[in-house]
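Source file final.txt; content: compact mmCIF, N, CA, C and O atoms.
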# COMPACT_ATOMS: atom_id res chain seq x y z
N MET G 80 -81.87 -8.40 46.95
CA MET G 80 -80.59 -8.39 46.25
C MET G 80 -80.56 -9.60 45.31
O MET G 80 -80.79 -10.72 45.72
N THR G 81 -80.21 -9.34 44.07
CA THR G 81 -80.20 -10.41 43.08
C THR G 81 -78.85 -11.09 43.03
O THR G 81 -77.86 -10.60 43.60
N VAL G 82 -78.83 -12.19 42.34
CA VAL G 82 -77.58 -12.94 42.19
C VAL G 82 -76.56 -12.11 41.41
O VAL G 82 -75.36 -12.12 41.73
N LEU G 83 -77.02 -11.38 40.41
CA LEU G 83 -76.09 -10.55 39.64
C LEU G 83 -75.48 -9.43 40.46
O LEU G 83 -74.37 -9.00 40.20
N ALA G 84 -76.22 -8.95 41.47
CA ALA G 84 -75.69 -7.91 42.34
C ALA G 84 -74.62 -8.47 43.29
O ALA G 84 -73.74 -7.74 43.73
N LEU G 85 -74.70 -9.75 43.59
CA LEU G 85 -73.72 -10.37 44.48
C LEU G 85 -72.41 -10.72 43.77
O LEU G 85 -71.39 -10.91 44.42
N LYS G 86 -72.46 -10.82 42.46
CA LYS G 86 -71.28 -11.25 41.71
C LYS G 86 -70.05 -10.36 41.93
O LYS G 86 -68.96 -10.88 42.20
N PRO G 87 -70.16 -9.02 41.85
CA PRO G 87 -68.95 -8.19 42.08
C PRO G 87 -68.42 -8.31 43.51
O PRO G 87 -67.20 -8.34 43.72
N ARG G 88 -69.31 -8.41 44.49
CA ARG G 88 -68.86 -8.57 45.88
C ARG G 88 -68.15 -9.90 46.07
O ARG G 88 -67.11 -9.98 46.72
N THR G 89 -68.73 -10.94 45.51
CA THR G 89 -68.13 -12.27 45.62
C THR G 89 -66.78 -12.29 44.94
O THR G 89 -65.82 -12.88 45.45
N PHE G 90 -66.67 -11.65 43.78
CA PHE G 90 -65.40 -11.59 43.07
C PHE G 90 -64.34 -10.89 43.91
O PHE G 90 -63.18 -11.33 43.96
N THR G 91 -64.71 -9.82 44.60
CA THR G 91 -63.77 -9.09 45.44
C THR G 91 -63.26 -9.97 46.58
O THR G 91 -62.06 -9.99 46.87
N VAL G 92 -64.16 -10.72 47.19
CA VAL G 92 -63.77 -11.61 48.30
C VAL G 92 -62.88 -12.74 47.78
O VAL G 92 -61.84 -13.05 48.37
N VAL G 93 -63.27 -13.35 46.66
CA VAL G 93 -62.47 -14.44 46.10
C VAL G 93 -61.10 -13.95 45.67
O VAL G 93 -60.09 -14.63 45.86
N ARG G 94 -61.04 -12.75 45.09
CA ARG G 94 -59.75 -12.20 44.67
C ARG G 94 -58.84 -11.95 45.87
O ARG G 94 -57.63 -12.24 45.82
N ALA G 95 -59.40 -11.46 46.98
CA ALA G 95 -58.60 -11.25 48.19
C ALA G 95 -58.09 -12.59 48.74
O ALA G 95 -56.92 -12.72 49.12
N LEU G 96 -58.97 -13.59 48.78
CA LEU G 96 -58.56 -14.92 49.25
C LEU G 96 -57.53 -15.54 48.31
O LEU G 96 -56.62 -16.25 48.75
N PHE G 97 -57.66 -15.28 47.02
CA PHE G 97 -56.70 -15.77 46.03
C PHE G 97 -55.30 -15.21 46.30
O PHE G 97 -54.31 -15.92 46.28
N LYS G 98 -55.25 -13.91 46.60
CA LYS G 98 -53.96 -13.28 46.89
C LYS G 98 -53.35 -13.83 48.18
O LYS G 98 -52.14 -14.07 48.24
N ILE G 99 -54.18 -14.04 49.19
CA ILE G 99 -53.70 -14.63 50.44
C ILE G 99 -53.20 -16.05 50.20
O ILE G 99 -52.16 -16.46 50.71
N GLY G 100 -53.94 -16.80 49.39
CA GLY G 100 -53.53 -18.17 49.05
C GLY G 100 -52.21 -18.19 48.29
O GLY G 100 -51.37 -19.07 48.52
N LEU G 101 -52.02 -17.23 47.40
CA LEU G 101 -50.76 -17.14 46.66
C LEU G 101 -49.59 -16.90 47.60
O LEU G 101 -48.56 -17.58 47.52
N VAL G 102 -49.75 -15.97 48.52
CA VAL G 102 -48.68 -15.67 49.47
C VAL G 102 -48.38 -16.87 50.36
O VAL G 102 -47.22 -17.22 50.58
N CYS G 103 -49.43 -17.53 50.84
CA CYS G 103 -49.24 -18.72 51.69
C CYS G 103 -48.54 -19.84 50.92
O CYS G 103 -47.63 -20.49 51.45
N CYS G 104 -48.96 -20.06 49.70
CA CYS G 104 -48.37 -21.12 48.88
C CYS G 104 -46.89 -20.85 48.64
O CYS G 104 -46.05 -21.75 48.80
N LEU G 105 -46.56 -19.64 48.26
CA LEU G 105 -45.16 -19.30 48.01
C LEU G 105 -44.33 -19.33 49.29
O LEU G 105 -43.19 -19.82 49.28
N ALA G 106 -44.88 -18.84 50.39
CA ALA G 106 -44.13 -18.82 51.65
C ALA G 106 -43.86 -20.24 52.15
O ALA G 106 -42.73 -20.56 52.55
N LEU G 107 -44.89 -21.08 52.13
CA LEU G 107 -44.69 -22.46 52.59
C LEU G 107 -43.72 -23.22 51.70
O LEU G 107 -42.87 -23.97 52.18
N GLY G 108 -43.84 -23.01 50.39
CA GLY G 108 -42.91 -23.67 49.47
C GLY G 108 -41.47 -23.20 49.68
O GLY G 108 -40.54 -24.00 49.67
N ALA G 109 -41.30 -21.89 49.89
CA ALA G 109 -39.96 -21.37 50.12
C ALA G 109 -39.39 -21.88 51.44
O ALA G 109 -38.20 -22.24 51.51
N LEU G 110 -40.21 -21.94 52.49
CA LEU G 110 -39.74 -22.48 53.77
C LEU G 110 -39.35 -23.95 53.65
O LEU G 110 -38.36 -24.39 54.24
N LEU G 111 -40.13 -24.71 52.89
CA LEU G 111 -39.82 -26.12 52.68
C LEU G 111 -38.47 -26.28 52.00
O LEU G 111 -37.61 -27.05 52.45
N VAL G 112 -38.26 -25.53 50.92
CA VAL G 112 -37.00 -25.64 50.19
C VAL G 112 -35.83 -25.14 51.02
O VAL G 112 -34.76 -25.76 51.03
N LEU G 113 -36.02 -24.03 51.72
CA LEU G 113 -34.92 -23.50 52.55
C LEU G 113 -34.57 -24.45 53.69
O LEU G 113 -33.39 -24.63 54.01
N GLY G 114 -35.57 -25.06 54.29
CA GLY G 114 -35.30 -26.04 55.35
C GLY G 114 -34.55 -27.25 54.83
O GLY G 114 -33.61 -27.74 55.47
N GLN G 115 -34.95 -27.73 53.67
CA GLN G 115 -34.24 -28.88 53.09
C GLN G 115 -32.83 -28.48 52.64
O GLN G 115 -31.89 -29.25 52.81
N MET G 116 -32.69 -27.28 52.10
CA MET G 116 -31.37 -26.83 51.68
C MET G 116 -30.44 -26.68 52.87
O MET G 116 -29.25 -27.05 52.80
N ALA G 117 -30.97 -26.16 53.97
CA ALA G 117 -30.15 -26.03 55.18
C ALA G 117 -29.71 -27.40 55.68
O ALA G 117 -28.57 -27.58 56.12
N GLY G 118 -30.60 -28.39 55.59
CA GLY G 118 -30.24 -29.74 55.99
C GLY G 118 -29.17 -30.36 55.11
O GLY G 118 -28.28 -31.06 55.59
N VAL G 119 -29.24 -30.09 53.81
CA VAL G 119 -28.23 -30.62 52.88
C VAL G 119 -26.89 -29.94 53.12
O VAL G 119 -25.84 -30.59 53.17
N LEU G 120 -26.92 -28.61 53.27
CA LEU G 120 -25.65 -27.88 53.44
C LEU G 120 -24.97 -28.20 54.76
O LEU G 120 -23.74 -28.22 54.84
N THR G 121 -25.75 -28.45 55.80
CA THR G 121 -25.15 -28.78 57.10
C THR G 121 -24.99 -30.28 57.30
O THR G 121 -24.54 -30.71 58.36
N GLN G 122 -25.37 -31.04 56.29
CA GLN G 122 -25.27 -32.50 56.30
C GLN G 122 -26.04 -33.10 57.49
O GLN G 122 -25.53 -33.95 58.22
N ARG G 123 -27.27 -32.64 57.64
CA ARG G 123 -28.16 -33.15 58.68
C ARG G 123 -29.42 -33.69 58.02
O ARG G 123 -30.35 -32.93 57.73
N PRO G 124 -29.45 -34.98 57.75
CA PRO G 124 -30.61 -35.55 57.05
C PRO G 124 -31.92 -35.42 57.83
O PRO G 124 -32.99 -35.38 57.23
N ASP G 125 -31.84 -35.32 59.15
CA ASP G 125 -33.06 -35.16 59.93
C ASP G 125 -33.73 -33.81 59.66
O ASP G 125 -34.95 -33.69 59.77
N TRP G 126 -32.96 -32.78 59.29
CA TRP G 126 -33.54 -31.49 58.92
C TRP G 126 -34.30 -31.60 57.60
O TRP G 126 -35.33 -30.98 57.43
N VAL G 127 -33.74 -32.37 56.67
CA VAL G 127 -34.37 -32.53 55.36
C VAL G 127 -35.72 -33.24 55.53
O VAL G 127 -36.74 -32.78 55.03
N THR G 128 -35.71 -34.34 56.24
CA THR G 128 -36.96 -35.08 56.43
C THR G 128 -37.91 -34.32 57.36
O THR G 128 -39.12 -34.37 57.18
N GLY G 129 -37.37 -33.61 58.33
CA GLY G 129 -38.20 -32.83 59.24
C GLY G 129 -38.93 -31.71 58.52
O GLY G 129 -40.12 -31.47 58.75
N ALA G 130 -38.21 -31.01 57.64
CA ALA G 130 -38.84 -29.94 56.87
C ALA G 130 -39.93 -30.50 55.96
O ALA G 130 -41.01 -29.93 55.82
N SER G 131 -39.64 -31.64 55.37
CA SER G 131 -40.63 -32.28 54.50
C SER G 131 -41.85 -32.74 55.29
O SER G 131 -42.99 -32.54 54.87
N ASP G 132 -41.60 -33.38 56.43
CA ASP G 132 -42.72 -33.85 57.26
C ASP G 132 -43.58 -32.70 57.77
O ASP G 132 -44.80 -32.81 57.85
N LEU G 133 -42.95 -31.60 58.08
CA LEU G 133 -43.66 -30.47 58.67
C LEU G 133 -44.39 -29.61 57.63
O LEU G 133 -45.51 -29.16 57.86
N LEU G 134 -43.79 -29.40 56.46
CA LEU G 134 -44.31 -28.40 55.53
C LEU G 134 -44.88 -28.95 54.22
O LEU G 134 -45.50 -28.19 53.47
N PHE G 135 -44.69 -30.23 53.93
CA PHE G 135 -45.14 -30.75 52.63
C PHE G 135 -46.66 -30.71 52.50
O PHE G 135 -47.19 -30.18 51.52
N VAL G 136 -47.37 -31.26 53.45
CA VAL G 136 -48.84 -31.32 53.36
C VAL G 136 -49.46 -29.91 53.39
O VAL G 136 -50.35 -29.62 52.58
N PRO G 137 -49.02 -29.01 54.27
CA PRO G 137 -49.59 -27.66 54.21
C PRO G 137 -49.28 -26.95 52.89
O PRO G 137 -50.12 -26.18 52.39
N SER G 138 -48.12 -27.21 52.30
CA SER G 138 -47.79 -26.60 51.01
C SER G 138 -48.73 -27.08 49.92
O SER G 138 -49.21 -26.29 49.10
N ILE G 139 -48.99 -28.38 49.90
CA ILE G 139 -49.89 -28.94 48.90
C ILE G 139 -51.31 -28.43 49.13
O ILE G 139 -52.03 -28.09 48.18
N GLY G 140 -51.73 -28.35 50.37
CA GLY G 140 -53.07 -27.82 50.68
C GLY G 140 -53.22 -26.36 50.26
O GLY G 140 -54.26 -25.97 49.70
N ALA G 141 -52.21 -25.55 50.51
CA ALA G 141 -52.25 -24.15 50.11
C ALA G 141 -52.27 -24.02 48.59
O ALA G 141 -52.98 -23.18 48.04
N ALA G 142 -51.51 -24.87 47.91
CA ALA G 142 -51.50 -24.84 46.44
C ALA G 142 -52.85 -25.25 45.87
O ALA G 142 -53.33 -24.67 44.90
N ALA G 143 -53.48 -26.25 46.48
CA ALA G 143 -54.80 -26.69 46.01
C ALA G 143 -55.84 -25.59 46.23
O ALA G 143 -56.66 -25.32 45.34
N ALA G 144 -55.83 -24.97 47.40
CA ALA G 144 -56.77 -23.89 47.68
C ALA G 144 -56.55 -22.72 46.74
O ALA G 144 -57.51 -22.12 46.22
N PHE G 145 -55.30 -22.40 46.49
CA PHE G 145 -54.94 -21.32 45.57
C PHE G 145 -55.47 -21.62 44.17
O PHE G 145 -56.05 -20.74 43.51
N GLY G 146 -55.33 -22.84 43.70
CA GLY G 146 -55.82 -23.22 42.38
C GLY G 146 -57.33 -23.17 42.28
O GLY G 146 -57.88 -22.69 41.29
N VAL G 147 -58.01 -23.65 43.31
CA VAL G 147 -59.48 -23.63 43.30
C VAL G 147 -59.99 -22.20 43.33
O VAL G 147 -60.94 -21.85 42.62
N LEU G 148 -59.37 -21.35 44.13
CA LEU G 148 -59.79 -19.94 44.17
C LEU G 148 -59.55 -19.25 42.85
O LEU G 148 -60.35 -18.41 42.42
N GLY G 149 -58.47 -19.58 42.17
CA GLY G 149 -58.22 -19.02 40.85
C GLY G 149 -59.27 -19.46 39.84
O GLY G 149 -59.74 -18.69 39.01
N PHE G 150 -59.65 -20.72 39.91
CA PHE G 150 -60.67 -21.27 39.03
C PHE G 150 -62.02 -20.58 39.26
O PHE G 150 -62.70 -20.18 38.32
N ILE G 151 -62.39 -20.43 40.53
CA ILE G 151 -63.65 -19.76 40.86
C ILE G 151 -63.61 -18.29 40.45
O ILE G 151 -64.57 -17.75 39.89
N GLY G 152 -62.48 -17.64 40.71
CA GLY G 152 -62.34 -16.23 40.35
C GLY G 152 -62.46 -16.00 38.87
O GLY G 152 -62.97 -14.96 38.43
N ASN G 153 -62.03 -16.97 38.06
CA ASN G 153 -62.14 -16.83 36.61
C ASN G 153 -63.61 -16.77 36.19
O ASN G 153 -63.96 -16.02 35.28
N TYR G 154 -64.47 -17.53 36.83
CA TYR G 154 -65.88 -17.51 36.50
C TYR G 154 -66.60 -16.28 37.03
O TYR G 154 -67.65 -15.90 36.52
N LEU G 155 -66.05 -15.64 38.03
CA LEU G 155 -66.69 -14.47 38.62
C LEU G 155 -66.15 -13.14 38.07
O LEU G 155 -66.61 -12.08 38.49
N THR G 156 -65.19 -13.20 37.17
CA THR G 156 -64.59 -11.99 36.63
C THR G 156 -65.66 -11.13 35.97
O THR G 156 -66.44 -11.63 35.14
N PRO G 157 -65.74 -9.84 36.33
CA PRO G 157 -66.74 -8.97 35.70
C PRO G 157 -66.47 -8.84 34.20
O PRO G 157 -65.32 -8.76 33.77
N GLU G 158 -67.54 -8.84 33.45
CA GLU G 158 -67.41 -8.72 32.00
C GLU G 158 -67.19 -7.27 31.61
O GLU G 158 -67.83 -6.37 32.14
N GLU G 159 -66.29 -7.08 30.66
CA GLU G 159 -66.03 -5.75 30.13
C GLU G 159 -67.15 -5.39 29.15
O GLU G 159 -67.56 -6.23 28.35
N PRO G 160 -67.64 -4.15 29.19
CA PRO G 160 -68.65 -3.79 28.19
C PRO G 160 -68.02 -3.74 26.79
O PRO G 160 -66.89 -3.28 26.62
N GLU G 161 -68.75 -4.28 25.84
CA GLU G 161 -68.24 -4.32 24.48
C GLU G 161 -68.33 -2.93 23.86
O GLU G 161 -69.34 -2.24 24.03
N PRO G 162 -67.29 -2.52 23.13
CA PRO G 162 -67.34 -1.20 22.49
C PRO G 162 -68.39 -1.20 21.36
O PRO G 162 -68.56 -2.18 20.65
N GLU G 163 -69.08 -0.10 21.28
CA GLU G 163 -70.11 0.01 20.26
C GLU G 163 -69.49 0.50 18.95
O GLU G 163 -68.65 1.39 18.94
N ASP G 164 -69.91 -0.10 17.85
CA ASP G 164 -69.45 0.32 16.54
C ASP G 164 -70.32 1.46 16.05
O ASP G 164 -71.53 1.42 16.12
N ASN G 165 -69.67 2.51 15.54
CA ASN G 165 -70.43 3.65 15.00
C ASN G 165 -70.52 3.57 13.51
O ASN G 165 -69.77 3.21 12.78
Exercise: express the given structure as structure tokens:
Amino acid sequence: MTVLALKPRTFTVVRALFKIGLVCCLALGALLVLGQMAGVLTQRPDWVTGASDLLFVPSIGAAAAFGVLGFIGNYLTPEEPEPEDN
């Protein structure tokens, strides 16, 4: 199996991981904001700092992984065949 034969399979795997990373990034970010908003609305500062302490680092990690997977996926994108001029 050649390297060129592995490219479409690798792209499929990276694209699936990219989608999972996107969902994780958005979910963690939304949970972080909702937790902090709940702390502000209920006037409980420990909820605000607790949500930040619990979810900030995983949110940043998910965003970094999502970005790296997008970058890699861009290089693995299959090339479209060029139309032939008649």
Problem - Selected residue of minimal separation from Gly146 in chain G among G:Phe97, G:Thr121, G:Gln115, G:Ala106, counting only N, CA, C and O atoms - result: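 The shortest atom-to-atom distance to Gly146 in chain G comes from G:Phe97.
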Practice task
Provide the atom O of Leu107 in chain G to atom O of Thr128 in chain G distance in Å, to one decimal place.
Solution key: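 Going from atom O of Leu107 in chain G over to atom O of Thr128 in chain G, I get 12.1 Å.
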Practice task
In Å, rounded to a single decimal, give me how far CA of Ile151 in chain G is from CA of Cys104 in chain G.
Solution key: 17.3 Å
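Residues in contact range of Val127 in chain G, defined as at most 8 Å between only N, CA, C and O atoms, with sequence neighbours fewer than 6 positions away removed, read G:Leu111, G:Gly114, G:Gln115, G:Met116, G:Ala117, G:Gly118, G:Val119, G:Leu133, G:Leu134.
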Practice task
Enter the distance from atom O of Leu120 in chain G to atom C of Gly108 in chain G, in Å, rounded to one decimal.
Solution key: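 Between atom O of Leu120 in chain G and atom C of Gly108 in chain G the gap works out to 19.1 Å.
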Handout entry: Selected residue, from G:Ala130, G:Ala141, G:Gln122, G:Leu85, that lies nearest to Leu105 in chain G when counting all atoms listed in the file
Key =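 Result for the nearest residue to Leu105 in chain G: G:Ala141.
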Because the input lacks atoms here, generate all heavy atoms for range 148-159 of chain G and report them as an mmCIF file, keeping the file's coordinate frame.
data_model
loop_
_atom_site.group_PDB
_atom_site.id
_atom_site.type_symbol
_atom_site.label_atom_id
_atom_site.label_comp_id
_atom_site.auth_asym_id
_atom_site.auth_seq_id
_atom_site.Cartn_x
_atom_site.Cartn_y
_atom_site.Cartn_z
ATOM 1 N N LEU G 148 -59.370 -21.350 44.130
ATOM 2 C CA LEU G 148 -59.790 -19.940 44.170
ATOM 3 C C LEU G 148 -59.550 -19.250 42.850
ATOM 4 O O LEU G 148 -60.350 -18.410 42.420
ATOM 5 C CB LEU G 148 -59.074 -19.213 45.304
ATOM 6 C CG LEU G 148 -59.542 -19.583 46.703
ATOM 7 C CD1 LEU G 148 -58.589 -19.016 47.741
ATOM 8 C CD2 LEU G 148 -60.953 -19.092 46.950
ATOM 9 N N GLY G 149 -58.470 -19.580 42.170
ATOM 10 C CA GLY G 149 -58.220 -19.020 40.850
ATOM 11 C C GLY G 149 -59.270 -19.460 39.840
ATOM 12 O O GLY G 149 -59.740 -18.690 39.010
ATOM 13 N N PHE G 150 -59.650 -20.720 39.910
ATOM 14 C CA PHE G 150 -60.670 -21.270 39.030
ATOM 15 C C PHE G 150 -62.020 -20.580 39.260
ATOM 16 O O PHE G 150 -62.700 -20.180 38.320
ATOM 17 C CB PHE G 150 -60.786 -22.781 39.257
ATOM 18 C CG PHE G 150 -61.745 -23.474 38.357
ATOM 19 C CD1 PHE G 150 -61.396 -23.761 37.053
ATOM 20 C CD2 PHE G 150 -62.985 -23.854 38.817
ATOM 21 C CE1 PHE G 150 -62.281 -24.407 36.208
ATOM 22 C CE2 PHE G 150 -63.878 -24.498 37.989
ATOM 23 C CZ PHE G 150 -63.526 -24.776 36.675
ATOM 24 N N ILE G 151 -62.390 -20.430 40.530
ATOM 25 C CA ILE G 151 -63.650 -19.760 40.860
ATOM 26 C C ILE G 151 -63.610 -18.290 40.450
ATOM 27 O O ILE G 151 -64.570 -17.750 39.890
ATOM 28 C CB ILE G 151 -63.952 -19.902 42.365
ATOM 29 C CG1 ILE G 151 -64.251 -21.362 42.704
ATOM 30 C CG2 ILE G 151 -65.112 -19.011 42.783
ATOM 31 C CD1 ILE G 151 -64.320 -21.645 44.187
ATOM 32 N N GLY G 152 -62.480 -17.640 40.710
ATOM 33 C CA GLY G 152 -62.340 -16.230 40.350
ATOM 34 C C GLY G 152 -62.460 -16.000 38.870
ATOM 35 O O GLY G 152 -62.970 -14.960 38.430
ATOM 36 N N ASN G 153 -62.030 -16.970 38.060
ATOM 37 C CA ASN G 153 -62.140 -16.830 36.610
ATOM 38 C C ASN G 153 -63.610 -16.770 36.190
ATOM 39 O O ASN G 153 -63.960 -16.020 35.280
ATOM 40 C CB ASN G 153 -61.443 -18.009 35.924
ATOM 41 C CG ASN G 153 -61.459 -17.883 34.433
ATOM 42 O OD1 ASN G 153 -61.218 -16.813 33.887
ATOM 43 N ND2 ASN G 153 -61.754 -18.976 33.762
ATOM 44 N N TYR G 154 -64.470 -17.530 36.830
ATOM 45 C CA TYR G 154 -65.880 -17.510 36.500
ATOM 46 C C TYR G 154 -66.600 -16.280 37.030
ATOM 47 O O TYR G 154 -67.650 -15.900 36.520
ATOM 48 C CB TYR G 154 -66.574 -18.765 37.024
ATOM 49 C CG TYR G 154 -66.339 -19.941 36.131
ATOM 50 C CD1 TYR G 154 -65.410 -20.908 36.472
ATOM 51 C CD2 TYR G 154 -67.022 -20.080 34.940
ATOM 52 C CE1 TYR G 154 -65.169 -21.989 35.648
ATOM 53 C CE2 TYR G 154 -66.798 -21.153 34.099
ATOM 54 C CZ TYR G 154 -65.876 -22.109 34.462
ATOM 55 O OH TYR G 154 -65.629 -23.171 33.648
ATOM 56 N N LEU G 155 -66.050 -15.640 38.030
ATOM 57 C CA LEU G 155 -66.690 -14.470 38.620
ATOM 58 C C LEU G 155 -66.150 -13.140 38.070
ATOM 59 O O LEU G 155 -66.610 -12.080 38.490
ATOM 60 C CB LEU G 155 -66.504 -14.488 40.143
ATOM 61 C CG LEU G 155 -67.183 -15.645 40.868
ATOM 62 C CD1 LEU G 155 -66.795 -15.622 42.341
ATOM 63 C CD2 LEU G 155 -68.681 -15.585 40.707
ATOM 64 N N THR G 156 -65.190 -13.200 37.170
ATOM 65 C CA THR G 156 -64.590 -11.990 36.630
ATOM 66 C C THR G 156 -65.660 -11.130 35.970
ATOM 67 O O THR G 156 -66.440 -11.630 35.140
ATOM 68 C CB THR G 156 -63.507 -12.326 35.594
ATOM 69 O OG1 THR G 156 -62.541 -13.163 36.204
ATOM 70 C CG2 THR G 156 -62.825 -11.074 35.063
ATOM 71 N N PRO G 157 -65.740 -9.840 36.330
ATOM 72 C CA PRO G 157 -66.740 -8.970 35.700
ATOM 73 C C PRO G 157 -66.470 -8.840 34.200
ATOM 74 O O PRO G 157 -65.320 -8.760 33.770
ATOM 75 C CB PRO G 157 -66.565 -7.628 36.394
ATOM 76 C CG PRO G 157 -65.679 -7.870 37.554
ATOM 77 C CD PRO G 157 -64.973 -9.158 37.339
ATOM 78 N N GLU G 158 -67.540 -8.840 33.450
ATOM 79 C CA GLU G 158 -67.410 -8.720 32.000
ATOM 80 C C GLU G 158 -67.190 -7.270 31.610
ATOM 81 O O GLU G 158 -67.830 -6.370 32.140
ATOM 82 C CB GLU G 158 -68.658 -9.268 31.321
ATOM 83 C CG GLU G 158 -68.855 -10.748 31.550
ATOM 84 C CD GLU G 158 -70.132 -11.254 30.906
ATOM 85 O OE1 GLU G 158 -70.752 -10.510 30.128
ATOM 86 O OE2 GLU G 158 -70.499 -12.393 31.194
ATOM 87 N N GLU G 159 -66.290 -7.080 30.660
ATOM 88 C CA GLU G 159 -66.030 -5.750 30.130
ATOM 89 C C GLU G 159 -67.150 -5.390 29.150
ATOM 90 O O GLU G 159 -67.560 -6.230 28.350
ATOM 91 C CB GLU G 159 -64.685 -5.721 29.398
ATOM 92 C CG GLU G 159 -63.501 -6.072 30.264
ATOM 93 C CD GLU G 159 -63.072 -4.909 31.123
ATOM 94 O OE1 GLU G 159 -63.278 -3.756 30.708
ATOM 95 O OE2 GLU G 159 -62.554 -5.163 32.215
#
